[in-house]
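Some notes on the structure that comes next.
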Amino acid sequence: MQGKKFDERKQAMLYLGPWGIGVVWLVLIPSFLALFWSFTQFNLFTSPKWVGLENYTELFNDPVFLKSIRNTLSMTLIGVVAGLVMGLGTAVLLQKDTASLRFFRSMIFLPAIVPPVTTGIVWTFILNPNYGLLDIFLKHLGIAPIGWLSDPNFAKYGLLIMVLWGGVGQIMMTFVASLNSLPEEVLEAASLDGAGRIRTFISVILPLMRPILLYNVVIATLFYLQFFEQAFVVSPTDLGAPARSTLTYALYIYQQAFTFLKMGSAAAMSVLLLIVSSTVIGIFFSINKRLEK
Amino acid sequence: MRMKSIPQTEVLRARKPSVNKRVGSGVRVTLGAFIATAFLLPILWMVSGSFKDSQSVTAIPPKLIPNPFHFSNYVDAVKYIAFGTYLRNSVIVTVFTIFATLLVCIPSAYAFSILRWRGKSAAFSVVLFGMMLPFPAVMIPMYLLFKKMGMIGNLSPLLVPPLVGQFVTPAFSSALAIFLLRQFLSQLPYELVEAAKIDGAGSLRILVQILLPLAKPVLTTITIMTALSSWTAFVGPLIFINSDSLSTLSLGLQQYQSQHFTAYNLLLAASTLYVLPVLILFLVGQKYFTAGATRGAVK
């Protein structure tokens, strides 16, 4: 028995070998390099020069850096809430397993598989204030054209419309799966209790869905903290346009590295992102553990 | 939990379908149809625009059905950009990534589920962490590392990471593949493995001959999700690929968009061609997509 266990351990190491190399090479080493480089300054052509905490102090005095944080946080807040409300709403509406409702669910899910680049191309077209479908539709309702991606007051919302178009379906699918796996007795008992539909939903169903709600909040939060692709695609030649209103944190990392060639600052921003997202993940795991008990 | 002491008979009585529910279903279908159409419209609009000429693609009022259909847009779009080159690169990267991911993730998931060794759960938390790690936080150091190793200037930054179970796109990581497969394997009755061991089967034979045939649905989900995220990947190619001849379709289309935004109909035609394989895959294997989307979220 003892020999066998030893054997399985050796085999496990063998089976995990390639993946282990990958973790060390492409996760651990880059993370530690980011930490080291964040205390240095260099561009693509010079070698790192130690500057201590200068990158960090510089960043926190940089209004663009602070703006990228504000942009990211406000999009996170709005995007997470809107995504969850829309996902939950459509899930409750289309939860039942009939052919037509299943078909509608697939249609709502479909945008999730559309590549971000295509999403950007199609939606810059639809959100255009001159010939875009959305403003033409709004005009029929008597609303003046909105520069969804060109007006600094609206660009965040234009971007969020694009992202939610692709994201709501996934959230809905997880909610549908969760709704359909709720214990029947609890629902029946609640309706027996004379509880109305809305009250049943709020006081019985939602608490039961806490784990999946938490999961979606965390996944969506992590998505917006690292939001890059669609934000890049809508304005690749002038990142964050108009007026840096869509400059996300991740876009600013890219800009630090490849526009300003400030690798040290980019590394410092990477470290901060690592710390924040690790904290979010850590909180998620600890709450999740408590919920499971 | 509070209401577990309810007599069975009363529960049964309450199960009678109410009028309320039947009325509700009409509303559900109408509202559902409306929402579904709204979500589908951008895709239809893309396909529609891809058949219009450069004038009518932005014409007001908008028309969903092009008249006449300009099929030649597709020929022009393919000729206008280096579509063939981008396509070749995308296919190489995608096919390679699928095989590499399966090759690395299957043994890893096996080690994390069936094999018994100390430190397993601690090591597995690295997988869980890796599932959620933001790519933008490591992309710059990764780029500098690849540059030092002479990997910038060819396709290797997109090809080598999958070989060691890492994936340069945040959408569906190899950690997620390990997670899904491990979850499936740990739910299998361990007696299967015990019986095979008594028959004298080695660990590799147990994996290949007994476990993998059972895991076909999960493996299909992983294959499809890997194909999807590799085909649609954008950040990785953007950071690591610096020449047009190495660009994948996502990168090529994006560059085309920022340089020639006037030829919208051609851009839409190229985009349609780019999405087409994904749409076909979705129609064929829809349940695998939704399985991948709900991920390990619902146990």
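In the structure tokens, chains take letters A, B, ... by order of appearance, with residues numbered from 1 within each chain and ligands from 1 in the order shown.
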
Give me, as a ChimeraX atom specification, all polymer residues having an atom no more than 12 Å from Leu163 in chain B, counting only C-alpha atoms and skipping those fewer than 4 positions away in the same chain.
/A:17-23,25-26 /B:93,96-105,156-159,167-168,174

May I ask you to extract the residues of chain A within 7 Å of chain B, using only C-alpha atoms, and to give them as a PyMOL selection string?
chain A and resi 5+8-9+12+15-16+18-19+21-22+26+30-31+33-34+93-94+101+104+107-108+114-115+117-118+122+131+165+170+173-174+177-178+188-189+192+212+215+226+229+233+236-237+250+267+270-271+273-274

Selected residues written out, C-alpha atoms, as a PDB file, in the first residue's frame:
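Saved result, part-v8.pdb, follows:
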ATOM      1  CA  LYS A   5       0.940   5.529  -2.946  1.00  0.00           C
ATOM      2  CA  GLU A   8       0.944   7.363  -7.726  1.00  0.00           C
ATOM      3  CA  ARG A   9       2.684  10.462  -6.466  1.00  0.00           C
ATOM      4  CA  ALA A  12       1.082  12.479 -10.785  1.00  0.00           C
ATOM      5  CA  TYR A  15       1.344  13.785 -15.683  1.00  0.00           C
ATOM      6  CA  LEU A  16       1.470  17.326 -14.298  1.00  0.00           C
ATOM      7  CA  PRO A  18       4.161  20.094 -18.817  1.00  0.00           C
ATOM      8  CA  TRP A  19       1.428  22.080 -17.074  1.00  0.00           C
ATOM      9  CA  ILE A  21       6.428  24.065 -16.387  1.00  0.00           C
ATOM     10  CA  GLY A  22       3.819  26.339 -17.936  1.00  0.00           C
ATOM     11  CA  LEU A  26       4.202  31.843 -17.826  1.00  0.00           C
ATOM     12  CA  PRO A  30       6.068  36.921 -15.204  1.00  0.00           C
ATOM     13  CA  SER A  31       4.356  37.851 -11.923  1.00  0.00           C
ATOM     14  CA  LEU A  33       9.302  39.880 -12.993  1.00  0.00           C
ATOM     15  CA  ALA A  34       6.446  42.399 -12.938  1.00  0.00           C
ATOM     16  CA  LEU A  93     -38.775  35.084 -18.127  1.00  0.00           C
ATOM     17  CA  LEU A  94     -37.445  32.258 -20.277  1.00  0.00           C
ATOM     18  CA  LEU A 101     -38.347  29.551 -24.920  1.00  0.00           C
ATOM     19  CA  PHE A 104     -35.102  32.369 -27.562  1.00  0.00           C
ATOM     20  CA  MET A 107     -30.650  33.535 -29.611  1.00  0.00           C
ATOM     21  CA  ILE A 108     -29.809  35.625 -26.559  1.00  0.00           C
ATOM     22  CA  VAL A 114     -19.113  36.439 -31.595  1.00  0.00           C
ATOM     23  CA  PRO A 115     -15.424  37.478 -31.546  1.00  0.00           C
ATOM     24  CA  VAL A 117     -13.244  42.250 -32.948  1.00  0.00           C
ATOM     25  CA  THR A 118     -16.423  41.503 -34.886  1.00  0.00           C
ATOM     26  CA  VAL A 122     -20.620  45.658 -36.084  1.00  0.00           C
ATOM     27  CA  TYR A 131     -26.558  56.135 -40.022  1.00  0.00           C
ATOM     28  CA  TRP A 165     -24.928  42.247 -25.774  1.00  0.00           C
ATOM     29  CA  GLN A 170     -23.916  33.641 -20.492  1.00  0.00           C
ATOM     30  CA  MET A 173     -27.631  30.482 -18.903  1.00  0.00           C
ATOM     31  CA  THR A 174     -26.064  30.068 -15.454  1.00  0.00           C
ATOM     32  CA  ALA A 177     -29.431  26.170 -14.812  1.00  0.00           C
ATOM     33  CA  SER A 178     -29.624  27.305 -11.198  1.00  0.00           C
ATOM     34  CA  GLU A 188     -44.217  24.457  -3.478  1.00  0.00           C
ATOM     35  CA  ALA A 189     -44.040  25.129   0.219  1.00  0.00           C
ATOM     36  CA  LEU A 192     -48.635  27.013  -0.083  1.00  0.00           C
ATOM     37  CA  ILE A 212     -24.596  31.533  -8.394  1.00  0.00           C
ATOM     38  CA  TYR A 215     -20.215  33.585  -8.900  1.00  0.00           C
ATOM     39  CA  GLN A 226      -9.296  43.619 -16.992  1.00  0.00           C
ATOM     40  CA  GLU A 229     -10.742  43.949 -26.069  1.00  0.00           C
ATOM     41  CA  VAL A 233     -11.376  47.804 -30.912  1.00  0.00           C
ATOM     42  CA  PRO A 236      -7.622  51.515 -31.877  1.00  0.00           C
ATOM     43  CA  THR A 237      -5.811  54.605 -33.162  1.00  0.00           C
ATOM     44  CA  ALA A 250      -5.911  47.537 -18.984  1.00  0.00           C
ATOM     45  CA  ALA A 267       4.890  46.637 -14.637  1.00  0.00           C
ATOM     46  CA  SER A 270       0.338  45.076 -13.633  1.00  0.00           C
ATOM     47  CA  VAL A 271       1.326  44.474 -10.018  1.00  0.00           C
ATOM     48  CA  LEU A 273      -3.988  44.776 -10.990  1.00  0.00           C
ATOM     49  CA  LEU A 274      -2.636  41.450  -9.729  1.00  0.00           C
TER      50      LEU A 274
END

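If you count only C-alpha atoms and ignore residues fewer than 5 places along the chain from Leu192 in chain B, what sits within 10 Å of it is Lys197, Ile206, Ile210 and Leu211 of chain B.
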
Emit the selected residues as a JSON list (two decimals), in the first residue's frame, including C-alpha atoms.
[["chain", "number", "residue", "atom", "x", "y", "z"],
["B", 197, "LYS", "CA", -6.00, -2.01, -11.23],
["B", 206, "ILE", "CA", -6.75, 3.25, -17.15],
["B", 210, "ILE", "CA", -11.42, 3.39, -19.44],
["B", 211, "LEU", "CA", -11.75, 7.03, -18.42]]

Pick out the closest residue to Ile280 in chain B from this set: B:Val91, B:Ile224, B:Leu180, B:Val208. Count only C-alpha atoms.
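The answer is B:Ile224, which sits nearest to Ile280 in chain B.
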
Taking 2 positions as the minimum chain separation for residues in the same chain, which residues sit within 12 Å of Met75 in chain A when counting only C-alpha atoms? Answer as a ChimeraX atom specification.
/A:68-73,77-83,154-161,163-164,220-227,231,245-249

Expected answer as a PyMOL selection string: helix (DSSP H, G or I) residues in range 7-236 of chain B:
chain B and resi 8-14+19-50+56-58+72-80+83-113+120-132+135-137+139-148+156-163+174-187+191-198+203-214+216-232+235-236

Between CA of Ser181 in chain A and CA of Val204 in chain A - distance in Å to one decimal:
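If I compute the distance from CA of Val204 in chain A to CA of Ser181 in chain A, I get 13.9 Å.
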
Give me, as a ChimeraX atom specification, all polymer residues having an atom no more than 9 Å from Ser265 in chain A, counting only C-alpha atoms and skipping those fewer than 5 positions away in the same chain.
/A:37-41,55-56,58-59,253,256-257,270
